[in-house]
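Accompanying notes for the structure given below.
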Amino acid sequence: IQLLKTTEQENYYTDEQRNFCRIIGAHSMGGLIALKSVVENSLDFPFPIAGLFLSNPCIKSSIDLPAPVEAMIRNVSGPLAKIRYPSIYQGKHLTGLEERAENFDTDPLISKFMTFGLAREVLLKSEKLRSYSYCIDLPCLFLLSKKDVIVDPKATELFAKGMEKNLVTMKKYSQSHHDLFNDREAKVVMEDILQWLEVLSSSVFSSSQVVPQQV
């Protein structure tokens, strides 16, 4: 949001563009950031937000940590927060397409580590976010993978139930893993997003221009 505000101050947006409604698209941890931002910082956006589509948002991890480990992560600080540890996830947890899973595992530009500080922030922020559903007043499309072992789709469904029903569209994909856009049902996912955008545009924003913003 600070980047968006900075670009606005630098006249990055024309007056016409500044009045366009934007739609935010976010995946996984980006979904956590997007949902948190529209609740806590909605007035800071330099343009109106029309809705969100969220692919497997990180509302809750699929892993239930042992109590001592969770307590340690919650309280980690200082130099300990900067310690990195290997990720437990591999390409096969992201996609069922072998070639793409292998590409993920062998790509040297993709970090396979996480810091304890980042783990703490994800744990605390996602926990806080789960109480925010009643505050969401924007149309949301939730895209959920039934084979996701990274984030908990049931937690997302429960989150969505706290929102007004007319704001929620839920799509589930039985053959997909965490990375919906790089799995077997990617084409169907894109078709569902486009259909949702068309309905949203025609029913609510027929007189406005809608510009997707990806997180």
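Here's how to read the names in the structure tokens: chain A, B, ... by the order shown, residue numbers from 1 in each chain, ligand numbers from 1 in the order shown.
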If we count only C-alpha atoms and set the cut-off at 7 Å, which residues sit around Arg184 (chain A), ignoring sequence neighbours fewer than 4 positions away in its own chain? Please answer as a count of residues only. 4
Skip region 98-108 of chain A itself and residues of its chain fewer than 2 positions away, then list as a list in words all residues within 12 Å of it, counting only C-alpha atoms.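 Listed by chain and then number, they are Ser87, Ile88, Tyr89, Gln90, Gly91, Lys92, His93, Leu94, Thr95, Gly96, Ile110, Ser111, Lys112, Phe113, His177, His178, Asp179, Phe181, Asn182, Asp183 and Arg184 of chain A.
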Could those selected residues go to a file with N, CA and C atoms, as a PDB file, in the first residue's frame?
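Okay, part.pdb is ready:
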```
ATOM      1  N   SER A  87      12.356 -25.430   3.944  1.00  0.00           N
ATOM      2  CA  SER A  87      10.921 -25.619   3.773  1.00  0.00           C
ATOM      3  C   SER A  87      10.603 -27.113   3.699  1.00  0.00           C
ATOM      4  N   ILE A  88       9.480 -27.509   4.264  1.00  0.00           N
ATOM      5  CA  ILE A  88       9.091 -28.922   4.229  1.00  0.00           C
ATOM      6  C   ILE A  88       8.327 -29.246   2.947  1.00  0.00           C
ATOM      7  N   TYR A  89       8.048 -28.219   2.139  1.00  0.00           N
ATOM      8  CA  TYR A  89       7.242 -28.426   0.940  1.00  0.00           C
ATOM      9  C   TYR A  89       8.107 -28.594  -0.293  1.00  0.00           C
ATOM     10  N   GLN A  90       7.647 -29.455  -1.174  1.00  0.00           N
ATOM     11  CA  GLN A  90       8.319 -29.703  -2.446  1.00  0.00           C
ATOM     12  C   GLN A  90       7.350 -29.410  -3.586  1.00  0.00           C
ATOM     13  N   GLY A  91       7.859 -29.523  -4.792  1.00  0.00           N
ATOM     14  CA  GLY A  91       7.024 -29.259  -5.963  1.00  0.00           C
ATOM     15  C   GLY A  91       5.768 -30.114  -6.011  1.00  0.00           C
ATOM     16  N   LYS A  92       5.862 -31.348  -5.539  1.00  0.00           N
ATOM     17  CA  LYS A  92       4.709 -32.256  -5.578  1.00  0.00           C
ATOM     18  C   LYS A  92       3.574 -31.788  -4.680  1.00  0.00           C
ATOM     19  N   HIS A  93       3.885 -30.914  -3.721  1.00  0.00           N
ATOM     20  CA  HIS A  93       2.842 -30.365  -2.864  1.00  0.00           C
ATOM     21  C   HIS A  93       2.142 -29.172  -3.518  1.00  0.00           C
ATOM     22  N   LEU A  94       2.760 -28.632  -4.564  1.00  0.00           N
ATOM     23  CA  LEU A  94       2.211 -27.474  -5.251  1.00  0.00           C
ATOM     24  C   LEU A  94       1.373 -27.845  -6.466  1.00  0.00           C
ATOM     25  N   THR A  95       1.797 -28.873  -7.167  1.00  0.00           N
ATOM     26  CA  THR A  95       1.135 -29.242  -8.415  1.00  0.00           C
ATOM     27  C   THR A  95       1.225 -30.738  -8.670  1.00  0.00           C
ATOM     28  N   GLY A  96       0.227 -31.250  -9.373  1.00  0.00           N
ATOM     29  CA  GLY A  96       0.233 -32.650  -9.762  1.00  0.00           C
ATOM     30  C   GLY A  96       0.903 -32.884 -11.103  1.00  0.00           C
ATOM     31  N   ILE A 110      14.282 -19.994  -6.783  1.00  0.00           N
ATOM     32  CA  ILE A 110      13.183 -20.124  -5.835  1.00  0.00           C
ATOM     33  C   ILE A 110      13.752 -20.521  -4.476  1.00  0.00           C
ATOM     34  N   SER A 111      13.513 -19.684  -3.480  1.00  0.00           N
ATOM     35  CA  SER A 111      14.034 -19.983  -2.149  1.00  0.00           C
ATOM     36  C   SER A 111      13.328 -21.191  -1.551  1.00  0.00           C
ATOM     37  N   LYS A 112      14.092 -22.083  -0.984  1.00  0.00           N
ATOM     38  CA  LYS A 112      13.532 -23.280  -0.334  1.00  0.00           C
ATOM     39  C   LYS A 112      13.676 -23.176   1.187  1.00  0.00           C
ATOM     40  N   PHE A 113      13.786 -21.935   1.660  1.00  0.00           N
ATOM     41  CA  PHE A 113      13.967 -21.703   3.093  1.00  0.00           C
ATOM     42  C   PHE A 113      12.932 -20.714   3.613  1.00  0.00           C
ATOM     43  N   HIS A 177      -3.742 -29.107  -6.560  1.00  0.00           N
ATOM     44  CA  HIS A 177      -2.967 -28.910  -5.345  1.00  0.00           C
ATOM     45  C   HIS A 177      -2.912 -27.410  -5.026  1.00  0.00           C
ATOM     46  N   HIS A 178      -1.895 -26.973  -4.308  1.00  0.00           N
ATOM     47  CA  HIS A 178      -1.860 -25.594  -3.811  1.00  0.00           C
ATOM     48  C   HIS A 178      -1.794 -24.556  -4.932  1.00  0.00           C
ATOM     49  N   ASP A 179      -0.980 -24.793  -5.941  1.00  0.00           N
ATOM     50  CA  ASP A 179      -0.794 -23.811  -7.011  1.00  0.00           C
ATOM     51  C   ASP A 179      -1.792 -24.073  -8.133  1.00  0.00           C
ATOM     52  N   PHE A 181      -2.882 -22.351 -10.505  1.00  0.00           N
ATOM     53  CA  PHE A 181      -2.591 -21.835 -11.842  1.00  0.00           C
ATOM     54  C   PHE A 181      -1.520 -22.650 -12.563  1.00  0.00           C
ATOM     55  N   ASN A 182      -0.960 -23.619 -11.885  1.00  0.00           N
ATOM     56  CA  ASN A 182       0.035 -24.493 -12.494  1.00  0.00           C
ATOM     57  C   ASN A 182      -0.302 -25.957 -12.234  1.00  0.00           C
ATOM     58  N   ASP A 183      -1.577 -26.261 -12.327  1.00  0.00           N
ATOM     59  CA  ASP A 183      -2.028 -27.633 -12.091  1.00  0.00           C
ATOM     60  C   ASP A 183      -3.015 -28.041 -13.176  1.00  0.00           C
ATOM     61  N   ARG A 184      -3.594 -29.200 -13.018  1.00  0.00           N
ATOM     62  CA  ARG A 184      -4.394 -29.819 -14.075  1.00  0.00           C
ATOM     63  C   ARG A 184      -5.658 -29.035 -14.426  1.00  0.00           C
TER      64      ARG A 184
END
```
Find the spatial neighbours of Val189 (chain A), counting only C-alpha atoms, within a cut-off of 9 Å - ignore same-chain residues fewer than 3 positions away - and output them as a PyMOL selection string. chain A and resi 143+171+173+180-181+185-186+192-194
Filtering to N, CA, C and O atoms, could you give me those residues as an mmCIF file, in the first residue's frame?
```
data_model
loop_
_atom_site.group_PDB
_atom_site.id
_atom_site.type_symbol
_atom_site.label_atom_id
_atom_site.label_comp_id
_atom_site.auth_asym_id
_atom_site.auth_seq_id
_atom_site.Cartn_x
_atom_site.Cartn_y
_atom_site.Cartn_z
ATOM 1 N N LEU A 143 -11.092 -19.485 -4.502
ATOM 2 C CA LEU A 143 -10.710 -20.617 -5.346
ATOM 3 C C LEU A 143 -9.934 -21.605 -4.485
ATOM 4 O O LEU A 143 -8.828 -21.307 -4.040
ATOM 5 N N LYS A 171 -15.463 -21.583 -5.372
ATOM 6 C CA LYS A 171 -15.185 -22.591 -6.383
ATOM 7 C C LYS A 171 -14.167 -23.577 -5.818
ATOM 8 O O LYS A 171 -13.160 -23.178 -5.229
ATOM 9 N N TYR A 173 -11.818 -27.255 -6.522
ATOM 10 C CA TYR A 173 -11.193 -28.033 -7.594
ATOM 11 C C TYR A 173 -10.625 -29.324 -7.013
ATOM 12 O O TYR A 173 -9.667 -29.310 -6.244
ATOM 13 N N LEU A 180 -2.976 -23.528 -7.991
ATOM 14 C CA LEU A 180 -4.060 -23.764 -8.941
ATOM 15 C C LEU A 180 -3.715 -23.366 -10.370
ATOM 16 O O LEU A 180 -4.196 -23.978 -11.322
ATOM 17 N N PHE A 181 -2.882 -22.351 -10.505
ATOM 18 C CA PHE A 181 -2.591 -21.835 -11.842
ATOM 19 C C PHE A 181 -1.520 -22.650 -12.563
ATOM 20 O O PHE A 181 -1.195 -22.368 -13.713
ATOM 21 N N GLU A 185 -6.190 -28.290 -13.477
ATOM 22 C CA GLU A 185 -7.446 -27.581 -13.717
ATOM 23 C C GLU A 185 -7.251 -26.085 -13.938
ATOM 24 O O GLU A 185 -8.186 -25.305 -13.777
ATOM 25 N N ALA A 186 -6.052 -25.692 -14.340
ATOM 26 C CA ALA A 186 -5.737 -24.265 -14.493
ATOM 27 C C ALA A 186 -6.673 -23.570 -15.485
ATOM 28 O O ALA A 186 -7.098 -22.436 -15.252
ATOM 29 N N ASP A 192 -13.363 -19.696 -14.611
ATOM 30 C CA ASP A 192 -14.198 -19.308 -13.473
ATOM 31 C C ASP A 192 -13.924 -17.866 -13.059
ATOM 32 O O ASP A 192 -14.848 -17.127 -12.703
ATOM 33 N N ILE A 193 -12.657 -17.475 -13.092
ATOM 34 C CA ILE A 193 -12.302 -16.094 -12.740
ATOM 35 C C ILE A 193 -12.914 -15.117 -13.737
ATOM 36 O O ILE A 193 -13.517 -14.107 -13.357
ATOM 37 N N LEU A 194 -12.781 -15.420 -15.018
ATOM 38 C CA LEU A 194 -13.324 -14.539 -16.054
ATOM 39 C C LEU A 194 -14.847 -14.430 -15.951
ATOM 40 O O LEU A 194 -15.413 -13.341 -16.111
#
```
Interatomic distance, CA of Ile136 (chain A) to CA of Val38 (chain A) (Å, one decimal): 7.6 Å
Would you pick out the contacts of Lys125 (chain A) at 12 Å or less, using only C-alpha atoms, so that residues sharing its chain but fewer than 2 positions from it are not included, and give the list as a PyMOL selection string? chain A and resi 29+31-37+40+58-61+74+118-123+127-132
